[in-house]
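A.B. asks: Coordinates in target_5.cif, mmCIF, C-alpha atoms, are listed below.
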```cif
data_my_file
#
loop_
_atom_site.label_atom_id
_atom_site.label_comp_id
_atom_site.auth_asym_id
_atom_site.auth_seq_id
_atom_site.Cartn_x
_atom_site.Cartn_y
_atom_site.Cartn_z
CA MET M 676 40.14 4.32 -5.45
CA THR M 677 39.32 1.30 -3.34
CA ILE M 678 35.65 0.49 -3.59
CA PRO M 679 34.22 -0.22 -0.15
CA ALA M 680 31.96 -3.19 0.44
CA PRO M 681 28.30 -2.22 0.83
CA ILE M 682 26.84 -2.04 4.33
CA ALA M 683 23.12 -1.89 3.59
CA LEU M 684 20.76 -3.47 1.09
CA LEU M 685 17.31 -2.06 0.53
CA ALA M 686 15.13 -4.82 -0.88
CA GLU M 687 12.01 -3.41 -2.49
CA LEU M 688 10.16 -6.71 -2.41
CA THR M 689 7.13 -5.35 -4.22
CA HIS M 690 5.76 -2.06 -5.44
CA ARG M 691 2.24 -3.08 -4.46
CA CYS M 692 0.88 -1.08 -1.54
CA PRO M 693 -2.55 -0.44 -0.03
CA LEU M 694 -1.54 3.17 0.58
CA SER M 695 -1.01 5.76 -2.12
CA CYS M 696 1.10 8.41 -0.41
CA PRO M 697 1.72 11.37 -2.71
CA TYR M 698 5.45 11.38 -1.87
CA CYS M 699 6.07 7.67 -2.44
CA SER M 700 9.73 6.90 -3.09
CA ASN M 701 8.85 4.25 -5.66
CA PRO M 702 9.45 5.31 -9.25
CA LEU M 703 6.67 6.72 -11.42
CA GLU M 704 6.93 3.59 -13.57
CA MET M 705 6.34 0.76 -11.15
CA VAL M 706 7.11 -2.92 -11.38
CA ARG M 707 4.07 -5.18 -11.78
CA LYS M 708 3.43 -8.22 -9.62
CA SER M 709 4.01 -10.59 -12.53
CA THR M 710 7.65 -9.52 -12.84
CA GLU M 711 8.50 -9.58 -9.13
CA LEU M 712 11.41 -11.81 -8.12
CA ASP M 713 10.35 -15.14 -6.64
CA THR M 714 11.22 -16.31 -3.13
CA GLY M 715 14.27 -18.32 -4.14
CA THR M 716 15.81 -15.49 -6.14
CA TRP M 717 15.37 -13.03 -3.28
CA ILE M 718 16.98 -15.46 -0.87
CA ASP M 719 19.92 -15.88 -3.23
CA VAL M 720 20.28 -12.08 -3.34
CA PHE M 721 20.36 -11.95 0.46
CA LEU M 722 23.05 -14.67 0.63
CA GLN M 723 25.14 -12.86 -1.97
CA ALA M 724 24.72 -9.62 -0.03
CA ALA M 725 25.85 -11.19 3.23
CA ASP M 726 28.91 -12.65 1.49
CA MET M 727 29.75 -9.18 0.16
CA GLY M 728 29.70 -7.64 3.63
CA VAL M 729 26.17 -6.25 3.81
CA LEU M 730 25.14 -6.05 7.48
CA GLN M 731 21.77 -4.35 7.33
CA LEU M 732 18.87 -5.61 5.23
CA HIS M 733 15.87 -3.35 4.83
CA LEU M 734 12.80 -5.27 3.74
CA SER M 735 10.75 -2.62 2.02
CA GLY M 736 8.31 -1.98 -0.81
CA GLY M 737 5.72 -0.82 -1.65
CA GLU M 738 4.29 -2.60 1.31
CA PRO M 739 6.46 -5.66 2.03
CA ALA M 740 3.60 -7.30 3.91
CA SER M 741 1.90 -7.60 0.52
CA ARG M 742 4.37 -10.44 -0.13
CA ARG M 743 3.03 -13.69 1.30
CA ASP M 744 6.57 -15.04 1.59
CA LEU M 745 7.75 -12.18 3.84
CA GLU M 746 8.20 -14.56 6.77
CA ASP M 747 10.28 -17.00 4.66
CA LEU M 748 12.41 -14.19 3.29
CA THR M 749 12.98 -12.83 6.80
CA ARG M 750 14.02 -16.23 8.10
CA ALA M 751 16.51 -16.79 5.27
CA ALA M 752 18.01 -13.32 5.73
CA SER M 753 18.27 -13.75 9.46
CA ASN M 754 19.93 -17.14 9.06
CA ALA M 755 22.45 -15.50 6.72
CA GLY M 756 23.44 -13.22 9.62
CA LEU M 757 21.81 -10.09 8.24
CA TYR M 758 20.18 -7.57 10.57
CA THR M 759 16.60 -7.59 9.33
CA ASN M 760 14.56 -4.43 9.34
CA LEU M 761 10.95 -4.37 8.15
CA ILE M 762 9.90 -1.05 6.64
CA THR M 763 6.12 -1.09 6.67
CA SER M 764 2.94 0.92 6.86
CA GLY M 765 1.60 -1.80 9.14
CA ILE M 766 -1.25 -2.55 6.73
CA GLY M 767 -1.23 -6.25 5.96
CA LEU M 768 0.40 -7.19 9.24
CA THR M 769 -1.60 -9.08 11.83
CA PRO M 770 -0.73 -10.37 15.31
CA ARG M 771 -0.29 -13.83 13.78
CA ARG M 772 2.08 -12.55 11.11
CA LEU M 773 4.04 -10.60 13.72
CA ASP M 774 4.44 -13.81 15.71
CA ALA M 775 5.74 -15.56 12.60
CA LEU M 776 8.11 -12.70 11.80
CA GLU M 777 9.43 -12.73 15.34
CA ALA M 778 9.97 -16.48 15.12
CA ALA M 779 11.76 -15.93 11.80
CA GLY M 780 14.25 -13.66 13.54
CA LEU M 781 13.05 -10.19 12.57
CA ASP M 782 15.26 -7.66 14.35
CA HIS M 783 13.42 -4.37 14.01
CA VAL M 784 10.34 -2.67 12.59
CA GLN M 785 10.22 0.75 11.00
CA LEU M 786 6.60 1.87 10.93
CA SER M 787 5.58 4.81 8.77
CA LEU M 788 3.38 7.56 10.11
CA GLN M 789 1.40 9.71 7.69
CA GLY M 790 -0.19 11.95 10.31
CA THR M 791 -1.15 12.15 13.97
CA ASN M 792 -4.89 11.67 13.55
CA ALA M 793 -7.12 9.55 11.36
CA GLU M 794 -8.44 12.43 9.28
CA LEU M 795 -4.99 13.70 8.31
CA ALA M 796 -3.19 10.35 8.09
CA ASP M 797 -5.88 8.67 5.99
CA ARG M 798 -6.06 11.65 3.65
CA ILE M 799 -2.27 11.68 3.11
CA GLY M 800 -2.06 7.91 2.77
CA GLY M 801 -5.17 7.77 0.61
CA TYR M 802 -6.47 4.84 2.62
CA LYS M 803 -9.50 5.11 4.85
CA GLY M 804 -9.16 3.29 8.15
CA GLY M 805 -5.39 3.01 7.74
CA PHE M 806 -4.55 5.09 10.78
CA GLU M 807 -6.59 2.96 13.20
CA ARG M 808 -5.12 -0.25 11.78
CA LYS M 809 -1.64 1.20 12.07
CA LEU M 810 -2.15 2.10 15.72
CA ALA M 811 -3.46 -1.38 16.44
CA ILE M 812 -0.40 -3.01 14.90
CA ALA M 813 1.89 -0.51 16.69
CA ARG M 814 0.39 -1.72 19.98
CA ASP M 815 0.96 -5.33 18.92
CA ILE M 816 4.59 -4.51 18.14
CA LYS M 817 5.04 -2.80 21.51
CA GLU M 818 3.42 -5.70 23.35
CA ARG M 819 5.95 -8.09 21.82
CA GLY M 820 8.90 -5.87 22.63
CA LEU M 821 9.98 -5.70 19.00
CA PRO M 822 12.29 -2.71 18.57
CA LEU M 823 10.35 0.04 16.83
CA THR M 824 11.26 3.12 14.84
CA LEU M 825 8.54 5.49 13.82
CA ASN M 826 9.18 7.07 10.44
CA ALA M 827 7.23 10.31 10.21
CA VAL M 828 7.35 11.75 6.72
CA MET M 829 6.86 15.47 7.19
CA HIS M 830 5.72 18.19 4.80
CA ARG M 831 3.68 21.37 4.75
CA GLN M 832 0.42 19.59 5.60
CA ASN M 833 1.64 17.88 8.78
CA LEU M 834 4.72 19.76 10.00
CA ASP M 835 2.62 21.82 12.38
CA ASP M 836 1.81 18.53 14.17
CA LEU M 837 5.43 17.76 14.95
CA ASP M 838 5.05 18.08 18.72
CA ARG M 839 2.21 15.57 18.71
CA THR M 840 4.22 13.29 16.41
CA ILE M 841 7.03 13.19 18.95
CA GLU M 842 4.58 12.49 21.78
CA MET M 843 3.07 9.64 19.78
CA ALA M 844 6.48 8.09 19.21
CA VAL M 845 7.06 8.01 22.96
CA GLU M 846 3.54 6.68 23.64
CA LEU M 847 3.95 3.90 21.10
CA GLY M 848 7.18 2.82 22.75
CA ALA M 849 9.41 3.68 19.79
CA ARG M 850 13.11 3.97 20.56
CA ARG M 851 13.77 6.02 17.52
CA LEU M 852 11.92 8.63 15.51
CA GLU M 853 12.83 9.58 11.99
CA VAL M 854 11.63 13.06 11.23
CA ALA M 855 11.98 12.69 7.50
CA CYS M 856 11.02 15.76 5.56
CA VAL M 857 9.83 14.88 2.08
CA GLN M 858 12.56 14.53 -0.50
CA PHE M 859 11.43 15.80 -3.85
CA HIS M 860 11.94 12.91 -6.20
CA GLY M 861 9.49 10.84 -8.20
CA TRP M 862 5.94 11.19 -6.94
CA ALA M 863 6.85 14.00 -4.59
CA THR M 864 7.96 16.24 -7.46
CA LYS M 865 4.39 16.10 -8.77
CA ASN M 866 3.29 17.41 -5.38
CA ARG M 867 5.83 20.12 -4.66
CA ALA M 868 3.17 22.81 -4.47
CA ALA M 869 1.12 20.77 -1.98
CA LEU M 870 3.97 19.47 0.17
CA MET M 871 6.81 22.01 0.22
CA PRO M 872 7.32 23.26 3.77
CA THR M 873 7.22 27.00 4.34
CA ARG M 874 10.29 28.86 5.51
CA GLU M 875 8.71 29.24 8.96
CA GLN M 876 8.05 25.51 9.21
CA THR M 877 11.61 24.78 8.12
CA GLU M 878 13.06 26.91 10.90
CA ALA M 879 10.58 25.54 13.44
CA VAL M 880 11.23 21.88 12.64
CA LYS M 881 14.98 22.26 13.14
CA GLN M 882 14.49 23.87 16.54
CA THR M 883 11.79 21.47 17.66
CA VAL M 884 13.83 18.40 16.74
CA ALA M 885 16.99 19.73 18.39
CA ALA M 886 15.12 20.55 21.62
CA ALA M 887 13.24 17.24 21.71
CA ALA M 888 16.41 15.25 20.99
CA ARG M 889 18.04 16.87 24.05
CA ARG M 890 14.98 16.41 26.25
CA LEU M 891 14.41 12.77 25.24
CA SER M 892 18.04 11.68 25.07
CA GLY M 893 18.20 8.07 26.26
CA ILE M 894 14.46 7.57 25.68
CA LEU M 895 13.90 8.40 22.04
CA ALA M 896 16.70 8.80 19.50
CA PHE M 897 16.10 11.14 16.56
CA ASP M 898 17.17 10.97 12.97
CA PHE M 899 16.39 14.11 11.10
CA VAL M 900 16.16 14.65 7.37
CA PRO M 901 15.76 18.41 7.04
CA PRO M 902 13.51 19.95 4.41
CA ASP M 903 14.85 19.71 0.90
CA TYR M 904 15.55 22.89 -1.15
CA HIS M 905 15.69 25.17 1.93
CA ALA M 906 19.26 24.21 2.80
CA ASP M 907 22.49 25.93 1.75
CA TYR M 908 24.31 22.69 1.12
CA PRO M 909 23.03 19.47 -0.39
CA LYS M 910 22.57 16.22 1.44
CA ALA M 911 25.19 13.51 1.23
CA CYS M 912 22.86 11.40 -0.86
CA MET M 913 23.32 7.70 0.05
CA GLY M 914 26.57 8.67 1.77
CA GLY M 915 28.03 8.93 -1.73
CA TRP M 916 27.03 7.08 -4.90
CA GLY M 917 27.87 3.37 -4.73
CA SER M 918 29.56 3.83 -1.39
CA ALA M 919 27.48 2.35 1.41
CA GLY M 920 24.20 0.99 0.11
CA LEU M 921 22.35 -0.49 -2.82
CA ASN M 922 18.72 -1.06 -3.74
CA VAL M 923 17.20 -4.04 -5.46
CA ILE M 924 13.79 -3.30 -6.91
CA PRO M 925 11.01 -5.89 -7.31
CA ASP M 926 12.09 -7.09 -10.75
CA GLY M 927 15.72 -7.60 -9.70
CA THR M 928 17.18 -4.40 -11.09
CA VAL M 929 20.00 -3.12 -8.86
CA LEU M 930 20.20 0.62 -8.22
CA PRO M 931 22.53 2.93 -6.30
CA CYS M 932 19.48 4.82 -4.93
CA HIS M 933 15.70 4.95 -5.12
CA ALA M 934 15.52 7.41 -7.95
CA ALA M 935 18.53 6.37 -10.04
CA GLN M 936 16.37 5.15 -12.93
CA SER M 937 15.46 8.77 -13.56
CA ILE M 938 18.97 9.14 -15.04
CA PRO M 939 18.28 7.88 -18.58
CA HIS M 940 21.81 7.38 -19.87
CA LEU M 941 22.68 4.81 -17.18
CA THR M 942 21.96 1.12 -17.70
CA PHE M 943 21.07 -0.80 -14.55
CA GLU M 944 21.64 -4.51 -14.43
CA LYS M 945 19.58 -7.29 -12.87
CA VAL M 946 20.44 -9.95 -10.33
CA GLN M 947 19.13 -12.56 -12.79
CA ASP M 948 21.88 -11.61 -15.27
CA ARG M 949 24.94 -10.83 -13.18
CA SER M 950 26.18 -11.38 -9.64
CA LEU M 951 25.40 -8.69 -7.10
CA SER M 952 29.12 -8.34 -6.47
CA ASP M 953 29.93 -7.71 -10.13
CA ILE M 954 27.12 -5.17 -10.36
CA TRP M 955 28.40 -3.35 -7.26
CA TYR M 956 32.09 -3.36 -8.12
CA LYS M 957 32.20 -3.47 -11.91
CA SER M 958 29.05 -2.10 -13.51
CA PRO M 959 29.41 1.23 -15.32
CA ALA M 960 26.29 2.57 -13.57
CA PHE M 961 27.68 2.01 -10.07
CA ASN M 962 31.03 3.49 -11.08
CA ALA M 963 29.56 6.50 -12.87
CA TYR M 964 29.55 8.86 -9.86
CA ARG M 965 31.64 6.96 -7.37
CA GLY M 966 34.29 8.80 -5.37
CA THR M 967 35.32 12.32 -6.38
CA ASP M 968 36.97 11.95 -9.80
CA TRP M 969 33.75 12.55 -11.71
CA MET M 970 33.11 15.87 -9.99
CA PRO M 971 32.87 19.18 -11.82
CA GLU M 972 33.77 22.52 -10.32
CA PRO M 973 32.92 23.95 -7.85
CA CYS M 974 32.74 20.48 -6.17
CA ARG M 975 36.20 19.38 -7.25
CA SER M 976 37.99 22.07 -5.27
CA CYS M 977 35.38 22.31 -2.51
CA GLU M 978 36.30 21.46 1.08
CA ARG M 979 32.90 19.77 1.43
CA LYS M 980 33.41 17.30 -1.41
CA THR M 981 33.93 14.36 0.94
CA ILE M 982 31.13 15.58 3.23
CA ASP M 983 28.25 15.79 0.77
CA PHE M 984 29.84 14.10 -2.29
CA GLY M 985 28.39 16.71 -4.60
CA GLY M 986 24.87 16.01 -3.36
CA CYS M 987 22.24 14.10 -5.27
CA ARG M 988 22.78 13.03 -8.89
CA CYS M 989 19.07 12.63 -9.54
CA GLN M 990 18.35 16.12 -8.27
CA ALA M 991 21.18 17.52 -10.40
CA LEU M 992 19.59 15.95 -13.46
CA ALA M 993 16.06 16.95 -12.54
CA ILE M 994 16.83 20.60 -11.83
CA ALA M 995 20.12 21.44 -13.54
CA GLY M 996 19.54 19.08 -16.48
CA ASP M 997 22.85 17.28 -15.94
CA ALA M 998 23.37 14.31 -13.62
CA ALA M 999 27.08 15.18 -13.37
CA ALA M 1000 26.46 18.76 -12.24
CA THR M 1001 26.76 20.09 -8.71
CA ASP M 1002 23.52 19.49 -6.83
CA PRO M 1003 21.69 22.78 -7.43
CA VAL M 1004 20.59 22.91 -3.79
CA CYS M 1005 24.18 23.98 -3.07
CA VAL M 1006 24.61 27.75 -2.81
CA LYS M 1007 27.80 27.38 -4.85
CA SER M 1008 25.93 25.83 -7.80
CA LYS M 1009 25.43 28.03 -10.84
CA ASP M 1010 21.91 26.60 -10.99
CA HIS M 1011 21.01 27.46 -7.42
CA ASP M 1012 18.59 30.18 -8.57
CA LYS M 1013 16.47 27.41 -10.14
CA VAL M 1014 15.99 25.87 -6.72
CA ARG M 1015 15.04 29.24 -5.27
CA GLN M 1016 12.52 29.67 -8.06
CA LEU M 1017 11.03 26.20 -7.48
CA LEU M 1018 10.83 26.95 -3.79
CA ASP M 1019 9.09 30.28 -4.32
CA ASP M 1020 6.64 28.75 -6.78
CA ALA M 1021 5.88 25.77 -4.57
CA THR M 1022 5.29 27.74 -1.39
CA ALA M 1023 3.17 30.38 -3.17
CA ARG M 1024 0.51 27.92 -4.28
CA GLU M 1025 -1.91 25.44 -2.79
CA GLU M 1026 -2.67 22.38 -4.86
CA ASN M 1027 -4.52 19.15 -4.42
CA LEU M 1028 -2.51 16.01 -3.79
CA ILE M 1029 -1.71 13.75 -6.69
CA TYR M 1030 -1.65 10.23 -5.31
CA ARG M 1031 0.65 7.48 -6.43
CA VAL M 1032 -1.02 4.69 -8.37
CA ASN M 1033 -0.59 0.99 -7.88
CA PRO M 1034 1.38 -1.13 -10.31
CA MET I 1376 17.69 13.23 32.34
CA THR I 1377 21.32 12.52 33.11
CA LEU I 1378 22.67 9.60 31.19
CA ALA I 1379 25.73 9.02 33.34
CA PHE I 1380 25.92 5.58 34.94
CA GLY I 1381 25.77 5.16 38.69
CA ARG I 1382 28.02 2.62 40.36
CA HIS I 1383 25.30 0.03 40.81
CA ASP I 1384 23.53 0.57 37.51
CA ILE I 1385 23.39 -2.48 35.30
CA PRO I 1386 23.77 -1.63 31.62
CA TYR I 1387 22.36 -3.99 29.02
CA LEU I 1388 21.95 -4.24 25.29
CA PRO I 1389 18.23 -4.04 24.56
CA ARG I 1390 16.57 -6.35 22.09
CA GLY I 1391 17.59 -5.40 18.57
CA VAL I 1392 21.13 -4.41 19.56
CA ARG I 1393 23.90 -6.98 19.36
CA ILE I 1394 27.60 -7.53 18.81
CA HIS I 1395 28.29 -9.12 15.45
CA HIS I 1396 31.48 -10.43 13.95
CA ASP I 1397 31.79 -8.98 10.47
CA ARG I 1398 33.62 -11.80 8.70
CA VAL I 1399 34.05 -9.84 5.46
CA ARG I 1400 35.82 -6.87 7.04
CA GLY I 1401 37.40 -8.93 9.80
CA GLN I 1402 36.13 -6.77 12.63
CA ASN I 1403 33.42 -6.60 15.24
CA VAL I 1404 30.46 -4.28 14.94
CA LEU I 1405 27.53 -3.28 17.08
CA LEU I 1406 24.37 -3.85 15.10
CA ALA I 1407 21.41 -1.68 16.05
CA PRO I 1408 18.27 -0.50 14.29
CA GLU I 1409 19.42 0.72 10.87
CA LYS I 1410 22.94 1.23 12.15
CA ALA I 1411 26.27 -0.62 12.29
CA ILE I 1412 28.99 0.77 14.53
CA GLU I 1413 32.59 -0.41 14.22
CA LEU I 1414 33.99 -1.67 17.50
CA ASP I 1415 37.65 -1.35 18.30
CA GLU I 1416 39.32 -3.58 20.86
CA ILE I 1417 38.33 -1.33 23.76
CA GLY I 1418 34.74 -1.01 22.62
CA LEU I 1419 34.47 -4.77 22.27
CA ALA I 1420 36.08 -5.29 25.69
CA ILE I 1421 33.53 -2.99 27.29
CA LEU I 1422 30.46 -4.31 25.50
CA SER I 1423 31.36 -7.95 25.97
CA ARG I 1424 31.05 -7.24 29.71
CA VAL I 1425 27.62 -5.63 29.26
CA ASP I 1426 25.62 -8.77 29.91
CA GLY I 1427 22.64 -7.51 31.86
CA ASP I 1428 23.96 -8.92 35.14
CA THR I 1429 27.18 -7.04 35.74
CA THR I 1430 27.08 -3.62 37.41
CA PHE I 1431 28.91 -0.58 36.10
CA ASP I 1432 31.38 -0.87 38.98
CA GLN I 1433 32.05 -4.52 38.28
CA ILE I 1434 32.66 -3.77 34.61
CA ILE I 1435 35.27 -1.15 35.57
CA ALA I 1436 36.94 -3.55 38.01
CA SER I 1437 37.04 -6.31 35.43
CA LEU I 1438 38.56 -4.04 32.79
CA ALA I 1439 41.07 -2.57 35.24
CA ALA I 1440 42.24 -6.07 36.08
CA ALA I 1441 42.35 -7.25 32.48
CA TYR I 1442 44.28 -4.22 31.23
CA ASP I 1443 46.30 -3.57 34.38
CA ALA I 1444 45.20 0.07 34.29
CA PRO I 1445 44.00 2.52 36.95
CA ALA I 1446 40.25 2.24 37.56
CA GLU I 1447 39.78 6.04 37.37
CA ARG I 1448 41.09 6.18 33.81
CA ILE I 1449 39.02 3.18 32.78
CA GLU I 1450 35.92 4.62 34.40
CA GLU I 1451 36.22 7.82 32.43
CA ASP I 1452 36.51 5.94 29.13
CA VAL I 1453 33.70 3.52 29.92
CA GLN I 1454 31.41 6.26 31.18
CA GLN I 1455 31.91 8.24 27.98
CA PHE I 1456 31.52 5.24 25.69
CA LEU I 1457 28.40 3.83 27.34
CA THR I 1458 26.76 7.22 27.83
CA GLY I 1459 27.11 7.88 24.10
CA LEU I 1460 25.41 4.57 23.31
CA ARG I 1461 22.74 5.20 25.94
CA ALA I 1462 21.85 8.53 24.34
CA ARG I 1463 20.95 6.62 21.16
CA VAL I 1464 19.13 3.91 23.18
CA TYR I 1465 21.66 1.30 22.05
CA VAL I 1466 22.36 0.63 25.72
CA MET I 1467 19.71 0.68 28.44
CA VAL I 1468 19.94 0.50 32.21
CA ARG I 1469 18.53 -1.61 34.99
CA THR I 1470 18.92 -0.16 38.47
#
```
Show me this structure written as structure tokens.
C.D. replies:
Amino acid sequence: MTIPAPIALLAELTHRCPLSCPYCSNPLEMVRKSTELDTGTWIDVFLQAADMGVLQLHLSGGEPASRRDLEDLTRAASNAGLYTNLITSGIGLTPRRLDALEAAGLDHVQLSLQGTNAELADRIGGYKGGFERKLAIARDIKERGLPLTLNAVMHRQNLDDLDRTIEMAVELGARRLEVACVQFHGWATKNRAALMPTREQTEAVKQTVAAAARRLSGILAFDFVPPDYHADYPKACMGGWGSAGLNVIPDGTVLPCHAAQSIPHLTFEKVQDRSLSDIWYKSPAFNAYRGTDWMPEPCRSCERKTIDFGGCRCQALAIAGDAAATDPVCVKSKDHDKVRQLLDDATAREENLIYRVNP
Amino acid sequence: MTLAFGRHDIPYLPRGVRIHHDRVRGQNVLLAPEKAIELDEIGLAILSRVDGDTTFDQIIASLAAAYDAPAERIEEDVQQFLTGLRARVYVMVRT
């Protein structure tokens, strides 16, 4: 097969974050500040990425504003022709830093939303006062005319606030709203029983999003990540392994997705040791589940194999015990009953949130 | 709301949306928040006329002249293309 050039690079600049959301996409074992890549190495990664054909750079974390060189990194990426997107909680940003980011060429801000009111948002984010600070920075972003996406991570404890979430996105001047239902990897798997949407919420969220997307067409664009586990078919995780995007984590390790390190038999290489291009095109880890040749049945003969690419490798490992198995969310998977069982267990119980810890 | 363009509407690319030459793949793309859309020759011809000054009608006339094609056909294509982008807020309108 011809390996396509990557389109998007997610740069996890740091795992440090003032928030401690219980569904954080960072791994359970986080990278400490002392082993974070320095400014020059990150810039070299961005230049390599642009030369490879990456168009979109997501500056993420942790909280990327925890990096004091965020403005320098943004400027270098922008100068390299990359579309720069800051994925932030807003905490750590100030009007002055926004001015500097704008001057550095920042293209777009994706602001996370933990809830629609201070009580809920601060409880989910584990950070008192966070909601008010977020709203203040959202107003500063709007005032400057910086393009804004609101990323609302949704789960059992806030899905009933979806209508208000949509209203808030419009009020804050966002052009785009991601209704991102929690994906159960890493920290979120510890919180399945607290976060798993109910069946009623799952049906409601689909209808609400579809209706709002019609009503607000041309005003607010929607991207919808439906609730995990409730679906009949798996998600096309990353648009296929090693197909469109790659992640670089704070210590320079390059991954095909957020959770890939949960697959223990794969070895992931670092930008300090090998070029980004070699890692993308030649490393065994990136080639492990690329394309369709690796697929088992029923994927191999399935008409959906180039739609969902067999689903998520990390989920296959976590639930079916085999990273090369069909994603057990699929109704055709022999392990699908395990997902049903997890779903029943998770929705039958109420548990306290287990918060992520800081590196 | 209807997203169809009126004759005197002026479409524009809002901040954060831009045409970019992808030197690696040798093609033009529309870059937007967290999205890259491949542009074919027609798409590029349309969007390169979306400059925030030119009306919908003037864009049609310019394309009809450049491609020596009937304005009605062009209008249909442009209306469909720009309306699709407007739905995602990749194109906005001044009236």
A.B. asks: Mind listing as a short mmCIF file (atom, residue, chain, number, x, y, z; two decimals) with C-alpha atoms, in the frame of the given file which residues of chain I are within 8 Å of chain M, counting only C-alpha atoms?
C.D. replies:
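Final file, part-v5.cif:
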```cif
data_model
loop_
_atom_site.label_atom_id
_atom_site.label_comp_id
_atom_site.auth_asym_id
_atom_site.auth_seq_id
_atom_site.Cartn_x
_atom_site.Cartn_y
_atom_site.Cartn_z
CA MET I 1376 17.69 13.23 32.34
CA LEU I 1378 22.67 9.60 31.19
CA ARG I 1390 16.57 -6.35 22.09
CA GLY I 1391 17.59 -5.40 18.57
CA ASP I 1397 31.79 -8.98 10.47
CA ARG I 1398 33.62 -11.80 8.70
CA VAL I 1399 34.05 -9.84 5.46
CA ARG I 1400 35.82 -6.87 7.04
CA LEU I 1406 24.37 -3.85 15.10
CA PRO I 1408 18.27 -0.50 14.29
CA GLU I 1409 19.42 0.72 10.87
CA LYS I 1410 22.94 1.23 12.15
CA ALA I 1411 26.27 -0.62 12.29
CA ARG I 1461 22.74 5.20 25.94
CA ALA I 1462 21.85 8.53 24.34
CA ARG I 1463 20.95 6.62 21.16
CA VAL I 1464 19.13 3.91 23.18
CA MET I 1467 19.71 0.68 28.44
#
```
A.B. asks: Within 12 Å of Leu1438 in chain I, counting only C-alpha atoms, which residues show up once you throw out same-chain ones fewer than 2 positions away? Write them as a list in words, please.
C.D. replies: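 So, after excluding close chain neighbours, the residues are Glu1416, Ile1417, Gly1418, Leu1419, Ala1420, Ile1421, Leu1422, Ser1423, Arg1424, Val1425, Phe1431, Asp1432, Gln1433, Ile1434, Ile1435, Ala1436, Ala1440, Ala1441, Tyr1442, Asp1443, Ala1444, Pro1445, Ala1446, Glu1447, Arg1448, Ile1449, Glu1450, Asp1452 and Val1453 of chain I.
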A.B. asks: At a cut-off of 12 Å around the point (22.9, 17.1, -13.7) (file coordinates), what residues fall inside when counting all atoms listed in the file? I'd like the answer as a PyMOL selection string.
C.D. replies: chain M and resi 937-940+964+969-971+985-1004+1008-1010
A.B. asks: Going by the chain IDs and residue numbers used in this file, which residues fall under the PyMOL selection byres ((chain M and resi 942) around 12)? Write them as a ChimeraX atom specification.
C.D. replies: /M:928-931,935-941,943-945,954,958-963
A.B. asks: Go ahead and write the residues just picked, C-alpha atoms, as a tab-separated table (two decimals), in the coordinates of the input.
C.D. replies:
```tsv
chain	number	residue	atom	x	y	z
M	928	THR	CA	17.18	-4.40	-11.09
M	929	VAL	CA	20.00	-3.12	-8.86
M	930	LEU	CA	20.20	0.62	-8.22
M	931	PRO	CA	22.53	2.93	-6.30
M	935	ALA	CA	18.53	6.37	-10.04
M	936	GLN	CA	16.37	5.15	-12.93
M	937	SER	CA	15.46	8.77	-13.56
M	938	ILE	CA	18.97	9.14	-15.04
M	939	PRO	CA	18.28	7.88	-18.58
M	940	HIS	CA	21.81	7.38	-19.87
M	941	LEU	CA	22.68	4.81	-17.18
M	943	PHE	CA	21.07	-0.80	-14.55
M	944	GLU	CA	21.64	-4.51	-14.43
M	945	LYS	CA	19.58	-7.29	-12.87
M	954	ILE	CA	27.12	-5.17	-10.36
M	958	SER	CA	29.05	-2.10	-13.51
M	959	PRO	CA	29.41	1.23	-15.32
M	960	ALA	CA	26.29	2.57	-13.57
M	961	PHE	CA	27.68	2.01	-10.07
M	962	ASN	CA	31.03	3.49	-11.08
M	963	ALA	CA	29.56	6.50	-12.87
```
A.B. asks: Could you spell out the hits of the PyMOL selection byres ((chain I and resi 1382) around 7) on the shown file, as an mmCIF file with C-alpha atoms, in the frame of the given file?
C.D. replies:
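Once everything was written out, this is selection-v1.cif:
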```cif
data_model
loop_
_atom_site.group_PDB
_atom_site.id
_atom_site.type_symbol
_atom_site.label_atom_id
_atom_site.label_comp_id
_atom_site.auth_asym_id
_atom_site.auth_seq_id
_atom_site.Cartn_x
_atom_site.Cartn_y
_atom_site.Cartn_z
ATOM 1 C CA PHE I 1380 25.920 5.580 34.940
ATOM 2 C CA GLY I 1381 25.770 5.160 38.690
ATOM 3 C CA HIS I 1383 25.300 0.030 40.810
ATOM 4 C CA ASP I 1384 23.530 0.570 37.510
ATOM 5 C CA THR I 1430 27.080 -3.620 37.410
ATOM 6 C CA PHE I 1431 28.910 -0.580 36.100
ATOM 7 C CA ASP I 1432 31.380 -0.870 38.980
#
```
A.B. asks: I'd like the interatomic distance between CA of Ala1439 in chain I and CA of Glu1451 in chain I, to a tenth of an Å.
C.D. replies: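 Calculated distance between CA of Ala1439 in chain I and CA of Glu1451 in chain I is 11.8 Å.
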A.B. asks: Since I can't run it myself right now, could you work out what the PyMOL selection byres ((chain M and resi 742) around 12) selects here and report it as JSON, numbers by chain?
C.D. replies: {"M": [687, 688, 689, 690, 691, 692, 708, 711, 712, 713, 714, 717, 734, 735, 736, 737, 738, 739, 740, 741, 743, 744, 745, 746, 747, 748, 749, 763, 766, 767, 768, 772, 925]}
